[in-house]
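Peer 1: Next comes the structure file my_file.txt, holding compact mmCIF, N, CA and C atoms.
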# COMPACT_ATOMS: atom_id res chain seq x y z
N MET A 1 -52.33 -12.27 33.33
CA MET A 1 -51.53 -12.58 34.52
C MET A 1 -51.33 -11.29 35.30
N PHE A 2 -51.51 -11.38 36.62
CA PHE A 2 -51.29 -10.26 37.53
C PHE A 2 -50.07 -10.57 38.38
N GLU A 3 -49.37 -9.50 38.78
CA GLU A 3 -48.16 -9.67 39.57
C GLU A 3 -48.07 -8.52 40.57
N ILE A 4 -47.72 -8.86 41.80
CA ILE A 4 -47.45 -7.85 42.82
C ILE A 4 -46.09 -8.14 43.46
N THR A 5 -45.46 -7.10 43.98
CA THR A 5 -44.18 -7.28 44.65
C THR A 5 -44.19 -6.54 45.98
N LYS A 6 -43.42 -7.06 46.89
CA LYS A 6 -43.24 -6.45 48.21
C LYS A 6 -41.76 -6.48 48.54
N GLU A 7 -41.21 -5.35 48.97
CA GLU A 7 -39.78 -5.26 49.29
C GLU A 7 -39.54 -5.31 50.79
N TYR A 8 -38.40 -5.88 51.13
CA TYR A 8 -37.94 -5.96 52.52
C TYR A 8 -36.47 -5.58 52.53
N ARG A 9 -36.01 -5.03 53.62
CA ARG A 9 -34.61 -4.59 53.73
C ARG A 9 -33.99 -5.13 55.01
N PHE A 10 -32.73 -5.47 54.91
CA PHE A 10 -31.96 -5.84 56.09
C PHE A 10 -30.50 -5.56 55.82
N SER A 11 -29.75 -5.40 56.90
CA SER A 11 -28.30 -5.18 56.81
C SER A 11 -27.61 -6.37 57.43
N ALA A 12 -26.56 -6.85 56.76
CA ALA A 12 -25.85 -8.02 57.26
C ALA A 12 -24.45 -8.05 56.68
N ALA A 13 -23.60 -8.83 57.31
CA ALA A 13 -22.24 -9.05 56.84
C ALA A 13 -22.13 -10.47 56.29
N HIS A 14 -21.16 -10.65 55.42
CA HIS A 14 -20.84 -11.99 54.93
C HIS A 14 -19.48 -11.96 54.26
N ALA A 15 -18.97 -13.13 54.00
CA ALA A 15 -17.73 -13.30 53.24
C ALA A 15 -17.96 -14.48 52.31
N LEU A 16 -17.23 -14.48 51.21
CA LEU A 16 -17.30 -15.60 50.27
C LEU A 16 -15.91 -16.23 50.19
N PRO A 17 -15.59 -17.08 51.19
CA PRO A 17 -14.23 -17.59 51.33
C PRO A 17 -13.78 -18.54 50.22
N THR A 18 -14.71 -18.98 49.38
CA THR A 18 -14.29 -19.85 48.26
C THR A 18 -13.72 -19.04 47.09
N LEU A 19 -13.92 -17.73 47.12
CA LEU A 19 -13.31 -16.88 46.09
C LEU A 19 -11.82 -16.73 46.37
N PRO A 20 -11.05 -16.34 45.37
CA PRO A 20 -9.60 -16.14 45.60
C PRO A 20 -9.35 -15.13 46.72
N LYS A 21 -8.27 -15.33 47.46
CA LYS A 21 -7.97 -14.48 48.62
C LYS A 21 -7.84 -12.99 48.26
N ASP A 22 -7.47 -12.69 47.02
CA ASP A 22 -7.33 -11.29 46.63
C ASP A 22 -8.64 -10.68 46.12
N HIS A 23 -9.70 -11.45 46.08
CA HIS A 23 -11.02 -10.94 45.66
C HIS A 23 -11.63 -10.19 46.84
N LYS A 24 -12.19 -9.00 46.59
CA LYS A 24 -12.72 -8.18 47.69
C LYS A 24 -13.84 -8.87 48.47
N CYS A 25 -14.58 -9.76 47.83
CA CYS A 25 -15.68 -10.44 48.51
C CYS A 25 -15.23 -11.65 49.33
N HIS A 26 -13.96 -11.99 49.20
CA HIS A 26 -13.41 -13.07 50.03
C HIS A 26 -13.40 -12.65 51.50
N ARG A 27 -13.13 -11.37 51.73
CA ARG A 27 -13.05 -10.85 53.09
C ARG A 27 -14.45 -10.50 53.63
N LEU A 28 -14.58 -10.48 54.95
CA LEU A 28 -15.82 -10.09 55.58
C LEU A 28 -16.18 -8.65 55.19
N HIS A 29 -17.41 -8.45 54.77
CA HIS A 29 -17.90 -7.13 54.38
C HIS A 29 -19.41 -7.11 54.56
N GLY A 30 -20.02 -5.95 54.44
CA GLY A 30 -21.45 -5.84 54.68
C GLY A 30 -22.22 -5.25 53.51
N HIS A 31 -23.53 -5.47 53.56
CA HIS A 31 -24.44 -4.94 52.54
C HIS A 31 -25.73 -4.49 53.21
N ASN A 32 -26.40 -3.58 52.55
CA ASN A 32 -27.77 -3.23 52.87
C ASN A 32 -28.63 -3.94 51.82
N TYR A 33 -29.12 -5.11 52.18
CA TYR A 33 -29.83 -5.97 51.24
C TYR A 33 -31.26 -5.48 51.00
N VAL A 34 -31.74 -5.72 49.79
CA VAL A 34 -33.14 -5.52 49.46
C VAL A 34 -33.66 -6.85 48.91
N VAL A 35 -34.71 -7.35 49.52
CA VAL A 35 -35.35 -8.60 49.09
C VAL A 35 -36.70 -8.23 48.50
N THR A 36 -36.98 -8.75 47.32
CA THR A 36 -38.27 -8.51 46.68
C THR A 36 -38.97 -9.85 46.47
N VAL A 37 -40.16 -9.96 47.02
CA VAL A 37 -40.98 -11.16 46.84
C VAL A 37 -42.06 -10.80 45.83
N CYS A 38 -42.14 -11.59 44.79
CA CYS A 38 -43.11 -11.37 43.72
C CYS A 38 -44.14 -12.49 43.75
N CYS A 39 -45.42 -12.13 43.78
CA CYS A 39 -46.51 -13.10 43.75
C CYS A 39 -47.35 -12.84 42.51
N SER A 40 -47.89 -13.90 41.95
CA SER A 40 -48.68 -13.73 40.73
C SER A 40 -49.91 -14.62 40.77
N SER A 41 -50.87 -14.25 39.92
CA SER A 41 -52.10 -15.02 39.78
C SER A 41 -52.71 -14.69 38.43
N ASP A 42 -53.41 -15.64 37.86
CA ASP A 42 -54.07 -15.35 36.59
C ASP A 42 -55.44 -14.72 36.79
N LYS A 43 -55.86 -14.58 38.05
CA LYS A 43 -57.12 -13.90 38.34
C LYS A 43 -57.02 -13.19 39.69
N LEU A 44 -57.88 -12.24 39.88
CA LEU A 44 -57.91 -11.50 41.14
C LEU A 44 -58.91 -12.15 42.09
N ASP A 45 -58.67 -11.99 43.39
CA ASP A 45 -59.59 -12.56 44.37
C ASP A 45 -60.85 -11.70 44.49
N GLU A 46 -61.70 -12.06 45.41
CA GLU A 46 -62.98 -11.35 45.57
C GLU A 46 -62.81 -9.90 46.01
N HIS A 47 -61.59 -9.55 46.46
CA HIS A 47 -61.30 -8.17 46.87
C HIS A 47 -60.63 -7.38 45.76
N GLY A 48 -60.43 -8.02 44.61
CA GLY A 48 -59.78 -7.36 43.48
C GLY A 48 -58.26 -7.34 43.61
N MET A 49 -57.71 -8.31 44.35
CA MET A 49 -56.27 -8.35 44.59
C MET A 49 -55.68 -9.70 44.19
N VAL A 50 -54.39 -9.70 43.88
CA VAL A 50 -53.66 -10.97 43.76
C VAL A 50 -53.65 -11.62 45.13
N MET A 51 -53.27 -10.85 46.12
CA MET A 51 -53.36 -11.22 47.53
C MET A 51 -53.11 -9.96 48.34
N ASP A 52 -53.49 -10.00 49.58
CA ASP A 52 -53.27 -8.87 50.48
C ASP A 52 -51.78 -8.78 50.80
N PHE A 53 -51.21 -7.59 50.70
CA PHE A 53 -49.79 -7.41 51.03
C PHE A 53 -49.50 -7.85 52.47
N ALA A 54 -50.49 -7.73 53.34
CA ALA A 54 -50.31 -8.16 54.73
C ALA A 54 -50.05 -9.67 54.81
N GLU A 55 -50.61 -10.46 53.89
CA GLU A 55 -50.34 -11.90 53.87
C GLU A 55 -48.87 -12.17 53.56
N ILE A 56 -48.33 -11.38 52.65
CA ILE A 56 -46.91 -11.54 52.32
C ILE A 56 -46.07 -11.19 53.54
N ASP A 57 -46.41 -10.07 54.19
CA ASP A 57 -45.69 -9.67 55.41
C ASP A 57 -45.70 -10.77 56.47
N THR A 58 -46.86 -11.36 56.68
CA THR A 58 -46.98 -12.42 57.68
C THR A 58 -46.03 -13.57 57.38
N ALA A 59 -45.92 -13.92 56.11
CA ALA A 59 -45.08 -15.05 55.73
C ALA A 59 -43.59 -14.71 55.72
N VAL A 60 -43.24 -13.50 55.33
CA VAL A 60 -41.83 -13.16 55.04
C VAL A 60 -41.11 -12.48 56.20
N SER A 61 -41.78 -11.64 56.94
CA SER A 61 -41.11 -10.76 57.91
C SER A 61 -40.23 -11.48 58.92
N SER A 62 -40.67 -12.61 59.43
CA SER A 62 -39.87 -13.30 60.45
C SER A 62 -38.54 -13.80 59.86
N TYR A 63 -38.55 -14.22 58.61
CA TYR A 63 -37.31 -14.67 57.97
C TYR A 63 -36.34 -13.50 57.77
N ILE A 64 -36.88 -12.35 57.39
CA ILE A 64 -36.03 -11.17 57.21
C ILE A 64 -35.43 -10.74 58.55
N ARG A 65 -36.22 -10.77 59.61
CA ARG A 65 -35.71 -10.40 60.94
C ARG A 65 -34.56 -11.32 61.37
N GLU A 66 -34.63 -12.60 60.98
CA GLU A 66 -33.55 -13.54 61.30
C GLU A 66 -32.21 -13.12 60.71
N LEU A 67 -32.25 -12.39 59.60
CA LEU A 67 -31.03 -12.05 58.87
C LEU A 67 -30.47 -10.69 59.23
N ASP A 68 -31.26 -9.85 59.85
CA ASP A 68 -30.85 -8.46 60.08
C ASP A 68 -29.74 -8.35 61.11
N HIS A 69 -28.69 -7.67 60.73
CA HIS A 69 -27.54 -7.38 61.60
C HIS A 69 -26.85 -8.63 62.14
N ILE A 70 -26.66 -9.60 61.26
CA ILE A 70 -25.88 -10.78 61.63
C ILE A 70 -24.78 -10.99 60.60
N ASN A 71 -23.87 -11.89 60.92
CA ASN A 71 -22.91 -12.40 59.94
C ASN A 71 -23.60 -13.62 59.31
N LEU A 72 -23.94 -13.50 58.05
CA LEU A 72 -24.68 -14.56 57.37
C LEU A 72 -23.92 -15.88 57.35
N ASN A 73 -22.59 -15.81 57.37
CA ASN A 73 -21.78 -17.03 57.38
C ASN A 73 -21.95 -17.81 58.67
N ASP A 74 -22.31 -17.12 59.75
CA ASP A 74 -22.57 -17.82 61.02
C ASP A 74 -23.92 -18.53 61.00
N ARG A 75 -24.82 -18.11 60.15
CA ARG A 75 -26.19 -18.65 60.09
C ARG A 75 -26.34 -19.78 59.08
N PHE A 76 -25.59 -19.70 57.97
CA PHE A 76 -25.78 -20.64 56.87
C PHE A 76 -24.52 -21.46 56.59
N SER A 77 -24.72 -22.68 56.13
CA SER A 77 -23.59 -23.53 55.75
C SER A 77 -23.30 -23.44 54.26
N PHE A 78 -24.18 -22.79 53.51
CA PHE A 78 -23.97 -22.62 52.07
C PHE A 78 -23.32 -21.27 51.78
N PRO A 79 -22.74 -21.09 50.59
CA PRO A 79 -22.18 -19.78 50.24
C PRO A 79 -23.28 -18.71 50.30
N THR A 80 -23.01 -17.62 50.95
CA THR A 80 -24.04 -16.62 51.22
C THR A 80 -24.13 -15.60 50.07
N THR A 81 -24.27 -16.11 48.88
CA THR A 81 -24.47 -15.26 47.71
C THR A 81 -25.92 -14.80 47.65
N SER A 82 -26.17 -13.79 46.86
CA SER A 82 -27.55 -13.34 46.65
C SER A 82 -28.40 -14.46 46.08
N GLU A 83 -27.82 -15.22 45.16
CA GLU A 83 -28.55 -16.34 44.56
C GLU A 83 -28.98 -17.36 45.61
N SER A 84 -28.06 -17.72 46.49
CA SER A 84 -28.36 -18.71 47.53
C SER A 84 -29.37 -18.19 48.53
N LEU A 85 -29.29 -16.92 48.86
CA LEU A 85 -30.26 -16.35 49.80
C LEU A 85 -31.66 -16.31 49.19
N ALA A 86 -31.75 -16.04 47.89
CA ALA A 86 -33.05 -16.04 47.21
C ALA A 86 -33.66 -17.44 47.22
N ILE A 87 -32.84 -18.45 46.94
CA ILE A 87 -33.33 -19.83 46.97
C ILE A 87 -33.77 -20.20 48.39
N TRP A 88 -32.96 -19.85 49.39
CA TRP A 88 -33.29 -20.17 50.78
C TRP A 88 -34.65 -19.59 51.17
N LEU A 89 -34.88 -18.32 50.88
CA LEU A 89 -36.15 -17.71 51.27
C LEU A 89 -37.31 -18.35 50.51
N ALA A 90 -37.14 -18.59 49.23
CA ALA A 90 -38.20 -19.25 48.45
C ALA A 90 -38.53 -20.62 49.04
N GLU A 91 -37.52 -21.38 49.40
CA GLU A 91 -37.74 -22.71 49.99
C GLU A 91 -38.40 -22.62 51.36
N CYS A 92 -38.03 -21.62 52.16
CA CYS A 92 -38.69 -21.42 53.45
C CYS A 92 -40.17 -21.14 53.27
N LEU A 93 -40.50 -20.27 52.32
CA LEU A 93 -41.90 -19.93 52.08
C LEU A 93 -42.67 -21.12 51.53
N ASP A 94 -42.03 -21.89 50.68
CA ASP A 94 -42.67 -23.10 50.14
C ASP A 94 -42.93 -24.11 51.27
N ALA A 95 -41.98 -24.23 52.19
CA ALA A 95 -42.11 -25.20 53.29
C ALA A 95 -43.28 -24.87 54.21
N ILE A 96 -43.63 -23.59 54.33
CA ILE A 96 -44.77 -23.23 55.18
C ILE A 96 -46.07 -23.18 54.37
N GLY A 97 -45.99 -23.55 53.10
CA GLY A 97 -47.19 -23.62 52.27
C GLY A 97 -47.67 -22.29 51.74
N PHE A 98 -46.77 -21.30 51.69
CA PHE A 98 -47.16 -19.99 51.17
C PHE A 98 -47.20 -20.06 49.65
N GLY A 99 -48.37 -19.93 49.08
CA GLY A 99 -48.54 -20.08 47.64
C GLY A 99 -48.54 -18.76 46.90
N GLY A 100 -48.49 -18.86 45.60
CA GLY A 100 -48.58 -17.67 44.75
C GLY A 100 -47.25 -17.01 44.45
N ILE A 101 -46.16 -17.53 44.99
CA ILE A 101 -44.86 -16.89 44.74
C ILE A 101 -44.40 -17.18 43.33
N ARG A 102 -44.01 -16.13 42.64
CA ARG A 102 -43.44 -16.26 41.30
C ARG A 102 -41.92 -16.22 41.36
N SER A 103 -41.40 -15.31 42.22
CA SER A 103 -39.94 -15.18 42.31
C SER A 103 -39.55 -14.50 43.62
N VAL A 104 -38.27 -14.69 43.96
CA VAL A 104 -37.65 -13.98 45.08
C VAL A 104 -36.35 -13.40 44.56
N SER A 105 -36.17 -12.10 44.76
CA SER A 105 -34.95 -11.42 44.33
C SER A 105 -34.20 -10.90 45.54
N VAL A 106 -32.87 -10.92 45.46
CA VAL A 106 -32.02 -10.37 46.52
C VAL A 106 -31.00 -9.45 45.86
N SER A 107 -30.94 -8.22 46.36
CA SER A 107 -29.97 -7.23 45.88
C SER A 107 -29.01 -6.90 47.00
N GLU A 108 -27.73 -6.92 46.68
CA GLU A 108 -26.70 -6.50 47.65
C GLU A 108 -26.39 -5.02 47.50
N THR A 109 -26.55 -4.51 46.30
CA THR A 109 -26.28 -3.11 46.00
C THR A 109 -27.36 -2.62 45.04
N PRO A 110 -27.49 -1.31 44.86
CA PRO A 110 -28.49 -0.82 43.90
C PRO A 110 -28.24 -1.29 42.46
N ALA A 111 -27.03 -1.73 42.16
CA ALA A 111 -26.68 -2.13 40.80
C ALA A 111 -26.72 -3.63 40.57
N THR A 112 -27.00 -4.43 41.61
CA THR A 112 -26.96 -5.88 41.46
C THR A 112 -28.25 -6.51 41.98
N LYS A 113 -28.64 -7.64 41.35
CA LYS A 113 -29.82 -8.35 41.81
C LYS A 113 -29.74 -9.79 41.29
N ALA A 114 -30.10 -10.73 42.15
CA ALA A 114 -30.23 -12.13 41.75
C ALA A 114 -31.68 -12.53 41.98
N THR A 115 -32.25 -13.21 41.00
CA THR A 115 -33.66 -13.59 41.08
C THR A 115 -33.79 -15.10 40.91
N TYR A 116 -34.55 -15.71 41.81
CA TYR A 116 -34.88 -17.13 41.72
C TYR A 116 -36.35 -17.24 41.36
N TYR A 117 -36.63 -17.93 40.26
CA TYR A 117 -38.00 -18.13 39.79
C TYR A 117 -38.50 -19.50 40.19
N LEU A 118 -39.70 -19.55 40.71
CA LEU A 118 -40.29 -20.82 41.10
C LEU A 118 -41.12 -21.37 39.95
Please re-express this file's structure in C-alpha cells.
Peer 2:
Amino acid sequence: MFEITKEYRFSAAHALPTLPKDHKCHRLHGHNYVVTVCCSSDKLDEHGMVMDFAEIDTAVSSYIRELDHINLNDRFSFPTTSESLAIWLAECLDAIGFGGIRSVSVSETPATKATYYL
C-alpha cells in the first residue's frame, strides 16, 4: 500500500456554543488550521505515483479558500469542531467524485488533530 499526503492551511474563527459557558471554546476564538488530505493506492500509476499532487490541489484548494478568514459558525449549521470539518471536506471531495482518499485530518493547534477515515 502506498500513501501520500498534502497539507493546506487556513485561518478562521469559530465558537462551540454547545459547550458550557465557562469553557474557553464556548466563546468566539480563532485558529491557524492545518488540513491534511491523505490518498492511498495499492499500486503506482504509469508515472510511478499514487497520484499527482496537482490533482489533489485541484480538488481541495477551492474548499480551503472558502474557509480562510471567516467565522466558521456563519458558514456551517453543524458544530465547527475539527472532527466535523474533516467529515465535511471528505464528503465534499466524495461528492465531486475525487477518488483515492484514505483520510482527512484537521488540526487546530500543533498539539491537536482529528482524522476522519473513509
Peer 1: Pick from A:Asp42, A:Asp22, A:Glu83, A:Asp57: nearest to Phe2 in chain A, with only N, CA and C atoms counted?
Peer 2: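 Counting only N, CA and C atoms, the residue closest to Phe2 in chain A is A:Asp42.
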Peer 1: Interatomic distance between atom C of Met51 in chain A and CA of Val37 in chain A?
Peer 2: 12.3 Å
Peer 1: Quick check for you: according to DSSP on this backbone, which residues of range 9-94 of chain A are classed as strand (DSSP E or B)? Reply as a list in words.
Peer 2: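 So, restricting range 9-94 of chain A to strand (DSSP E or B), we get Arg9, Phe10, Ser11, Ala12, Ala13, His14, His29, Gly30, His31, Asn32, Tyr33, Val34, Val35, Thr36, Val37, Cys38, Cys39, Ser40, Ser41 and Asn71 of chain A.
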Peer 1: Using atom C of His26 in chain A and atom N of Arg9 in chain A as the two end points, give the distance in Å to one decimal.
Peer 2: 24.0 Å
Peer 1: Which of these residues is nearest to Leu16 in chain A, using all atoms listed in the file: A:His29, A:Phe53, A:Leu67, A:Glu46?
Peer 2: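 Of A:His29, A:Phe53, A:Leu67, A:Glu46, the one nearest Leu16 in chain A is A:His29, counting all atoms listed in the file.
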Peer 1: When distances are computed from only C-alpha atoms, which of A:Leu89, A:Val50, A:Ala13, A:Ala95 shows the smallest separation from Tyr116 in chain A?
Peer 2: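 Using only C-alpha atoms, the shortest distance to Tyr116 in chain A belongs to A:Leu89.
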Peer 1: Env of Arg27 in chain A: 6.5 Å cut, atoms = all atoms listed in the file, seq-sep filter 5 positions within chain, self excluded. Answer as a ChimeraX atom specification.
Peer 2: /A:14-17
Peer 1: Using all atoms listed in the file, find the one residue out of A:Thr81, A:Ser107, A:Ser62, A:Asn73 that sits nearest to Val34 in chain A.
Peer 2: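 Result for the nearest residue to Val34 in chain A: A:Ser107.
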Peer 1: Which polymer residues have any atom within 6 Å of an atom of Ala12 in chain A, counting all atoms listed in the file, with same-chain residues fewer than 5 positions away left out, as a PyMOL selection string?
Peer 2: chain A and resi 29-33+67-72
Peer 1: Separation of CA of Leu85 in chain A and atom N of Glu3 in chain A, in Å?
Peer 2: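 Calculated distance between CA of Leu85 in chain A and atom N of Glu3 in chain A is 23.1 Å.
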Peer 1: Looking only at the backbone, which of the residues in chain A does DSSP tag as alpha helix (DSSP H), as a ChimeraX atom specification?
Peer 2: /A:53-67,72-75,82-95
Peer 1: For Phe98 in chain A, which of A:Gly48, A:Glu7, A:Ala59, A:Ala86 is the closest residue, counting all atoms listed in the file?
Peer 2: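 Among the listed residues, the smallest separation from Phe98 in chain A belongs to A:Ala59.
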Peer 1: Can you work out which one of A:Ser40, A:Met1, A:His23, A:Thr18 has the shortest atom-to-atom distance to Ile101 in chain A, counting all atoms listed in the file?
Peer 2: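 Nearest to Ile101 in chain A: A:Ser40.
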Peer 1: Ala114 in chain A: which residues within 6 Å, counting only C-alpha atoms, same-chain residues fewer than 3 positions away excluded, as a list in words?
Peer 2: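 The residues that qualify are Ser82, Glu83, Ser105 and Val106 of chain A.
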Peer 1: Calculate, to one decimal in Å, the centre and edge lengths of the box along x, y and z of the file that holds all listed atoms of range 81-92 of chain A with 6 Å of margin on each side, and present them as lines of an AutoDock Vina configuration file.
Peer 2:
center_x = -32.2
center_y = -18.0
center_z = 49.0
size_x = 27.9
size_y = 21.4
size_z = 20.9
Peer 1: Any idea what's packed within 5 Å of Ile4 in chain A, counting only N, CA and C atoms, ignoring anything in its chain fewer than 2 positions away? Could you give it as JSON, numbers by chain?
Peer 2: {"A": [2, 6, 38, 39]}
